[in-house]
Amino acid sequence: MKKLYILTLVPFIGILGLLPFVNKIEPYVLGMPFYMFWMAMWVVLTSVTLAIMYKLDPRNREGEEE
């Protein structure tokens, strides 16, 4: 179960840990500067990570029928 909570570090590292490496205006991705694209991408990836954690959490399986 504790290994599951390690997934919460993925967005944290992606947004704050890698920020000095992606703090660039060029190249443009989808018409946005790279930095803005990076933040928008991590908003989506954070939601995906939390959805994965929710599905894998055994406490959320109590009411499910198999």
# chains A, B, ... in the order shown; residues from 1 in each chain; ligands from 1
$ residues_around --residues "Leu45 of chain A" --least-positions-apart "6" --cutoff "10 Å" --atoms "only C-alpha atoms" --output "PyMOL selection string"
chain A and resi 10-11+14+39+51
$ write_last_selection --atoms "N, CA and C atoms" --output "compact mmCIF listing (two decimals), in the first residue's frame"
# COMPACT_ATOMS: atom_id res chain seq x y z
N VAL A 10 5.36 11.47 -8.39
CA VAL A 10 5.60 11.62 -9.83
C VAL A 10 5.21 13.02 -10.32
N PRO A 11 3.99 13.51 -10.06
CA PRO A 11 3.66 14.87 -10.50
C PRO A 11 4.51 15.94 -9.81
N GLY A 14 7.77 15.94 -11.54
CA GLY A 14 7.60 16.41 -12.91
C GLY A 14 7.39 17.91 -12.99
N MET A 39 3.42 22.65 -18.20
CA MET A 39 2.48 22.76 -17.07
C MET A 39 1.11 22.19 -17.43
N ALA A 51 -6.15 9.02 -10.78
CA ALA A 51 -7.14 8.02 -11.18
C ALA A 51 -6.57 6.61 -11.05
$ select_by_dssp --residues "chain A" --states "strand (DSSP E or B)" --output "number ranges by chain"
A: 28-29, 32-33
$ select_by_dssp --residues "chain A" --states "alpha helix (DSSP H)" --output "NGL selection string"
:A and (2-5 or 9-12 or 19-22 or 34-56)
$ closest_residue --among "A:Gly31, A:Trp42, A:Tyr54, A:Ile6" --to "Leu19 of chain A" --atoms "only C-alpha atoms"
A:Trp42
$ atom_distance --atom1 "atom CA of Met41 of chain A" --atom2 "atom CA of Arg59 of chain A"
28.8 Å
$ residues_around --residues "Lys2 of chain A" --least-positions-apart "2" --cutoff "12 Å" --atoms "only C-alpha atoms" --output "PyMOL selection string"
chain A and resi 4-8+53+56-58
$ write_last_selection --atoms "N, CA and C atoms" --output "tab-separated table (two decimals), in the first residue's frame"
chain	number	residue	atom	x	y	z
A	4	LEU	N	2.04	2.41	-3.32
A	4	LEU	CA	1.04	3.12	-4.11
A	4	LEU	C	1.15	4.63	-3.90
A	5	TYR	N	1.46	5.03	-2.69
A	5	TYR	CA	1.57	6.46	-2.40
A	5	TYR	C	2.81	7.10	-3.00
A	6	ILE	N	3.75	6.29	-3.45
A	6	ILE	CA	4.93	6.83	-4.13
A	6	ILE	C	4.52	7.49	-5.43
A	7	LEU	N	3.40	7.07	-6.02
A	7	LEU	CA	2.92	7.68	-7.25
A	7	LEU	C	2.60	9.17	-7.08
A	8	THR	N	2.34	9.60	-5.85
A	8	THR	CA	2.06	11.02	-5.64
A	8	THR	C	3.31	11.87	-5.87
A	53	MET	N	-4.17	5.73	-8.97
A	53	MET	CA	-4.08	5.46	-7.54
A	53	MET	C	-5.44	5.08	-6.97
A	56	LEU	N	-6.25	1.46	-7.91
A	56	LEU	CA	-5.39	0.47	-7.26
A	56	LEU	C	-5.56	0.42	-5.75
A	57	ASP	N	-6.19	1.40	-5.16
A	57	ASP	CA	-6.35	1.46	-3.70
A	57	ASP	C	-7.34	0.39	-3.24
A	58	PRO	N	-6.91	-0.52	-2.38
A	58	PRO	CA	-7.82	-1.59	-1.95
A	58	PRO	C	-9.01	-1.08	-1.11
